[in-house]
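Student: Before we start, here is the structure in question, set down as structure tokens.
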There are 2 protein chains.
Amino acid sequence: MAVTIRDVARESGVHVSTVSRAFSAAHMVNAVTRTRVMAAAERLGYRPNRAARALSTRRTANLGVIVADIANPFFPPLIKAAQAQARERDYHVFVADTDERARVEEELVRSMAKQVDGALLVASRLSGRVIAELGRDVPFVVVNRRVRGLPCVLMDVASGTRQAVDHLVALGHRDIAVLTGPSASWTAQRIRGAAEEAAARHGAGLHPVGPNPPTEEGGASAAAEVASGPATAVLAYNDLVALGLIREVEALGLSVPGDLSVVGVDNTHIARHCRPALTTVDMPVVAAGRGGIDLLVHRVTTGEDPGTVTLDTRLVVRESTAPPRSAVSRP
Amino acid sequence: MAVTIRDVARESGVHVSTVSRAFSAAHMVNAVTRTRVMAAAERLGYRPNRAARALSTRRTANLGVIVADIANPFFPPLIKAAQAQARERDYHVFVADTDERARVEEELVRSMAKQVDGALLVASRLSGRVIAELGRDVPFVVVNRRVRGLPCVLMDVASGTRQAVDHLVALGHRDIAVLTGPSASWTAQRIRGAAEEAAARHGAGLHPVGPNPPTEEGGASAAAEVASGPATAVLAYNDLVALGLIREVEALGLSVPGDLSVVGVDNTHIARHCRPALTTVDMPVVAAGRGGIDLLVHRVTTGEDPGTVTLDTRLVVRESTAPPRSAVSRP
DNA sequence: CTGAAAGCGCTAACAG
DNA sequence: CTGTTAGCGCTTTCAG
């Protein structure tokens, strides 16, 4: 049987409440009794039971991190950063994967609610209404999504998207396809919106294709439509989609960037290594994970609304973008 | 304030213990009172507090998954599979990242102990002695490591390693470098051991280089030594190390696989996409994650030792391996 | 500064 | 089948 506070009390000859204070309000107990208690605890290998403590304090010292897909390379660095920052502040973290399904996400939050002090909702697929409703039970911080009344950490993908479109136009592209992501994705909406705006500003044509699942398959399945369309460049919802598109479009006999320029979003490690190396919009995921936890902890400890933090994104140019053939041939 | 079992009791006109039974031992309560209770619970939005329940049942319905580095692409699919399987069985999972540090790992396990029914230790860097000691507090299942007396899920990297060496020898390589991994890594030891054995069997030379950190930097920093050595092929501790090596060796003016064949381990998604696509040993991470949770749940619910499960690995040949120049020039 | 006592939300014998 | 009565391990008044 695990050693409890009573064992320590007995061992050190004080009352349990004194032991309790020694651990959670050290200043309220005489220095010498305190060291005696600590020594006894040490000897017995006592460790406070956080769950039991939670029952009376109503603070679990646990946080939830809820993401759409752990295996999508966008998320792991964010999860890692969040977990590290949480540990720094002595919180444990539950990580849950919703498989991109809103129902699962909702159920996960509900079943976790009593066990966490707050949760980080990353790229949530829930409707704003449901988020707001759940937000009454669990303090949230929302990452990559703007929700009225909730603290958010936003990666400003619009700015990176604009840079991408500017880059493509500067290379000479006049028709750009955009492979849209899941319709419930805030990021997907922002990418599309910013791309339309930027294209319009340049008087370039923008051709939406999708929505597509945020996977290589999603990109691959859009290849035929892209190849048969007028676009000489494409902006994909994320790196995975870009990769799937490239693979499939090459199977169709086109070359990237010779026949088609491709830009991804996320700057996952794959973008650096794939062939051709991917021009992509870098997302500050580490800062977002760490910052999200900071806001969350701030919120759950002070009760204040920490407001919204916006992080910059920027285009990283690599090898998957080049001038279109037409532009090359008319100097 | 959250709604508790008493509220439901009051609302439905029964005692709290009846409500409790309605939720956790439905068959012990009359069907009609049960539906009445459930209706009241529904109306009030009641959800059992799992932490409070844990206090009396001594079962938290939480599991821990402890890994060396969430951002290492080897782990996310494993974590995802483990999390999904746990959810299937109605467990929540704490995920923790040890940053490859044994101290952190130990502290993590200790602080988590009271809050989980068991933990999956993936690629643990702890000494066998410490694992065994911690294992008295927390039921473990150990992944990718053999520990006497604990249930293990092993990915038999030795067989894949043998295949890799056989493959290199068949191509004509007579001197093979092996970039060894962290000395505390069981997998690293197995790779090295199997490589030595297989090389000896073929009468080929084996040249250990390392230990190296399991990262691209680790691979890069071994490049000079490899390039100046006799080896025409190298077996890297993992895909990341292989990638780092390739990048750096190319910077030194060598080409892969022209001047040097490189084999990775893990078959992370990067291996498929990098240039040249990486010949690597496929690790059944999804099966390991799922299977690990199965063993763990079996163990914590029945108390039985589920024993050890061994999963096969196999070589996936891609573009980073080819005959050595010398072999090509003497037909 | 320390002890006594009540209680967090839920379960688990034990009667009835 | 259901109510009563004790706790699970810890914190938190309230006295002293």
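Identifiers in the structure tokens: chain A, B, ... in order shown; residue index from 1 per chain; ligand index from 1 in order shown.
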I'd like the neighbourhood of DT13 in chain D as JSON, numbers by chain, where a residue qualifies if any of its atoms comes within 10 Å (using only C-alpha atoms (C1' of nucleotides)), though same-chain residues fewer than 2 positions away should be ignored.
Tutor: {"C": [5, 6], "D": [11, 15]}
Student: Grab the residues selected above and save them as a PDB file, in the first residue's frame with N, CA and C atoms (P, O5', C5', C4', C3', O3' and C1' of nucleotides).
Tutor:
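Output (out-v8.pdb):
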```pdb
ATOM      1  P    DA C   5     -12.036  15.981  17.538  1.00  0.00           P
ATOM      2  O5'  DA C   5     -12.610  16.688  16.228  1.00  0.00           O
ATOM      3  C5'  DA C   5     -12.967  18.067  16.282  1.00  0.00           C
ATOM      4  C4'  DA C   5     -13.695  18.444  15.003  1.00  0.00           C
ATOM      5  C3'  DA C   5     -14.547  17.313  14.413  1.00  0.00           C
ATOM      6  O3'  DA C   5     -15.655  17.917  13.775  1.00  0.00           O
ATOM      7  C1'  DA C   5     -12.905  17.913  12.860  1.00  0.00           C
ATOM      8  P    DA C   6     -16.887  17.035  13.263  1.00  0.00           P
ATOM      9  O5'  DA C   6     -17.235  17.761  11.890  1.00  0.00           O
ATOM     10  C5'  DA C   6     -16.965  19.154  11.743  1.00  0.00           C
ATOM     11  C4'  DA C   6     -16.755  19.462  10.272  1.00  0.00           C
ATOM     12  C3'  DA C   6     -17.627  18.601   9.348  1.00  0.00           C
ATOM     13  O3'  DA C   6     -18.156  19.445   8.352  1.00  0.00           O
ATOM     14  C1'  DA C   6     -15.371  18.398   8.724  1.00  0.00           C
TER      15       DA C   6
ATOM     16  P    DT D  11      -2.505  18.496   0.788  1.00  0.00           P
ATOM     17  O5'  DT D  11      -3.831  19.288   1.165  1.00  0.00           O
ATOM     18  C5'  DT D  11      -4.669  19.715   0.100  1.00  0.00           C
ATOM     19  C4'  DT D  11      -5.876  20.439   0.644  1.00  0.00           C
ATOM     20  C3'  DT D  11      -5.594  21.780   1.305  1.00  0.00           C
ATOM     21  O3'  DT D  11      -6.614  22.640   0.846  1.00  0.00           O
ATOM     22  C1'  DT D  11      -6.847  20.442   2.765  1.00  0.00           C
ATOM     23  P    DA D  15     -14.620  28.856  16.263  1.00  0.00           P
ATOM     24  O5'  DA D  15     -13.933  28.347  17.598  1.00  0.00           O
ATOM     25  C5'  DA D  15     -12.559  28.130  17.587  1.00  0.00           C
ATOM     26  C4'  DA D  15     -12.218  26.861  18.351  1.00  0.00           C
ATOM     27  C3'  DA D  15     -11.668  27.163  19.728  1.00  0.00           C
ATOM     28  O3'  DA D  15     -11.855  26.043  20.572  1.00  0.00           O
ATOM     29  C1'  DA D  15      -9.917  26.439  18.276  1.00  0.00           C
TER      30       DA D  15
END
```
Student: Report as a PyMOL selection string: the residues of range 149-238 of chain A with a DSSP assignment of strand (DSSP E or B), based on the backbone of this structure.
Tutor: chain A and resi 152-156+175-179+205-209+233-236
Student: Based on the selection just made, write C-alpha atoms of those residues as an mmCIF file, in the first residue's frame.
Tutor:
```cif
data_model
loop_
_atom_site.group_PDB
_atom_site.id
_atom_site.type_symbol
_atom_site.label_atom_id
_atom_site.label_comp_id
_atom_site.auth_asym_id
_atom_site.auth_seq_id
_atom_site.Cartn_x
_atom_site.Cartn_y
_atom_site.Cartn_z
ATOM 1 C CA CYS A 152 -6.327 32.576 -28.324
ATOM 2 C CA VAL A 153 -2.900 31.948 -29.689
ATOM 3 C CA LEU A 154 -3.017 32.714 -33.356
ATOM 4 C CA MET A 155 -0.424 31.938 -35.941
ATOM 5 C CA ASP A 156 -1.035 34.621 -38.496
ATOM 6 C CA ASP A 175 -3.085 31.583 -62.207
ATOM 7 C CA ILE A 176 -2.799 30.013 -58.822
ATOM 8 C CA ALA A 177 -4.738 27.067 -57.467
ATOM 9 C CA VAL A 178 -5.403 26.830 -53.764
ATOM 10 C CA LEU A 179 -5.969 23.395 -52.272
ATOM 11 C CA GLY A 205 -6.582 34.291 -61.054
ATOM 12 C CA LEU A 206 -7.275 32.154 -58.010
ATOM 13 C CA HIS A 207 -8.706 28.664 -58.395
ATOM 14 C CA PRO A 208 -9.961 26.932 -55.272
ATOM 15 C CA VAL A 209 -9.819 23.134 -55.284
ATOM 16 C CA ALA A 233 1.265 27.292 -59.297
ATOM 17 C CA VAL A 234 -0.505 25.916 -56.286
ATOM 18 C CA LEU A 235 -0.790 26.815 -52.665
ATOM 19 C CA ALA A 236 -1.582 23.746 -50.597
#
```
Student: Skip DA12 in chain C itself and residues of its chain fewer than 3 positions away, then list as a list in words all residues within 9 Å of it, counting only C-alpha atoms (C1' of nucleotides).
Tutor: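 The filter keeps Ser56 and Thr57 of chain B; DA6 of chain D.
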Student: Can you write out the residues you just picked, keeping N, CA and C atoms (P, O5', C5', C4', C3', O3' and C1' of nucleotides), as a compact mmCIF listing (two decimals), in the first residue's frame?
Tutor:
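Dumped everything to part-v5.txt:
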```
# COMPACT_ATOMS: atom_id res chain seq x y z
N SER B 56 -11.64 6.24 -4.09
CA SER B 56 -12.15 5.07 -3.38
C SER B 56 -11.89 3.75 -4.10
N THR B 57 -11.90 3.77 -5.43
CA THR B 57 -11.68 2.50 -6.13
C THR B 57 -10.21 2.16 -6.28
P DA D 6 -20.73 4.97 11.29
O5' DA D 6 -19.24 4.65 10.83
C5' DA D 6 -18.86 5.10 9.54
C4' DA D 6 -17.93 4.09 8.89
C3' DA D 6 -16.52 4.66 8.82
O3' DA D 6 -15.57 3.61 8.76
C1' DA D 6 -17.52 4.63 6.65
```
Student: Using only C-alpha atoms (C1' of nucleotides), find which residues of chain A lie within 12 Å of chain C and jot them down as a ChimeraX atom specification.
Tutor: /A:9,13-22,26-34,51-59,114
Student: With C-alpha atoms retained, write the just-selected residues as a CSV table (one decimal), in the first residue's frame.
Tutor:
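Everything below was put into part-v7.csv:
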```
chain,number,residue,atom,x,y,z
A,9,ALA,CA,2.4,12.0,10.6
A,13,GLY,CA,5.0,12.5,15.7
A,14,VAL,CA,2.7,15.3,14.5
A,15,HIS,CA,-0.8,15.6,13.2
A,16,VAL,CA,-1.7,15.0,9.6
A,17,SER,CA,-2.6,18.6,9.2
A,18,THR,CA,0.9,19.6,10.1
A,19,VAL,CA,2.3,17.3,7.5
A,20,SER,CA,-0.1,18.7,5.0
A,21,ARG,CA,1.0,22.2,5.8
A,22,ALA,CA,4.6,21.3,5.6
A,26,ALA,CA,5.7,25.5,4.4
A,27,HIS,CA,5.7,29.0,5.9
A,28,MET,CA,2.9,28.1,8.3
A,29,VAL,CA,4.9,25.6,10.1
A,30,ASN,CA,7.9,25.9,12.5
A,31,ALA,CA,11.1,25.3,10.7
A,32,VAL,CA,12.3,22.5,12.9
A,33,THR,CA,9.1,20.5,12.9
A,34,ARG,CA,9.1,21.1,9.2
A,51,ALA,CA,-5.6,13.5,-7.1
A,52,ALA,CA,-6.6,13.4,-3.5
A,53,ARG,CA,-5.3,16.9,-3.1
A,54,ALA,CA,-7.3,18.0,-6.1
A,55,LEU,CA,-10.5,16.8,-4.4
A,56,SER,CA,-10.2,19.4,-1.7
A,57,THR,CA,-8.4,22.2,-3.5
A,58,ARG,CA,-10.3,21.9,-6.7
A,59,ARG,CA,-7.1,22.2,-8.6
A,114,LYS,CA,-13.2,17.3,-14.2
```
Student: Counting only C-alpha atoms (C1' of nucleotides), what is within 10 Å of Gly210 in chain B, bar same-chain residues fewer than 3 positions away, as an NGL selection string?
Tutor: :B and (178-183 or 207 or 213 or 218-219 or 221-222 or 225 or 237)
Student: Which residues of chain A are close to chain B, meaning at most 6 Å apart when you count only C-alpha atoms, and how do they look as a list of chain:residue names?
Tutor: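 Those within range of chain B come out as A:Asn49, A:Ile70, A:Ala71, A:Pro76, A:Pro77, A:Lys80, A:Val93, A:Phe94, A:Val95, A:Lys114, A:Ile270, A:His273, A:Cys274, A:Arg275.
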Student: Dump as CSV the rows for residues of chain D within 10 Å of chain A: closest atom pair and distance in Å with one decimal, only C-alpha atoms (C1' of nucleotides) counted, ordered by chain and rising residue number.
Tutor:
```
residue,atom,partner,partner_atom,distance
D:DC8,C1',A:Ala52,CA,8.2
D:DG9,C1',A:Ala52,CA,5.1
D:DC10,C1',A:Arg53,CA,4.8
D:DT11,C1',A:Ser56,CA,5.7
D:DT12,C1',A:Ser56,CA,8.5
```
Student: Have a look at CA of Pro306 in chain B and CA of Gln85 in chain B and let me know their distance in Å, one decimal.
Tutor: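 CA of Gln85 in chain B lies 16.9 Å from CA of Pro306 in chain B.
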Student: Could you pull out the alpha helix (DSSP H) residues of range 223-294 of chain B, going by DSSP on the backbone, and write them as a PyMOL selection string?
Tutor: chain B and resi 223-228+239-251+269-273+285-294
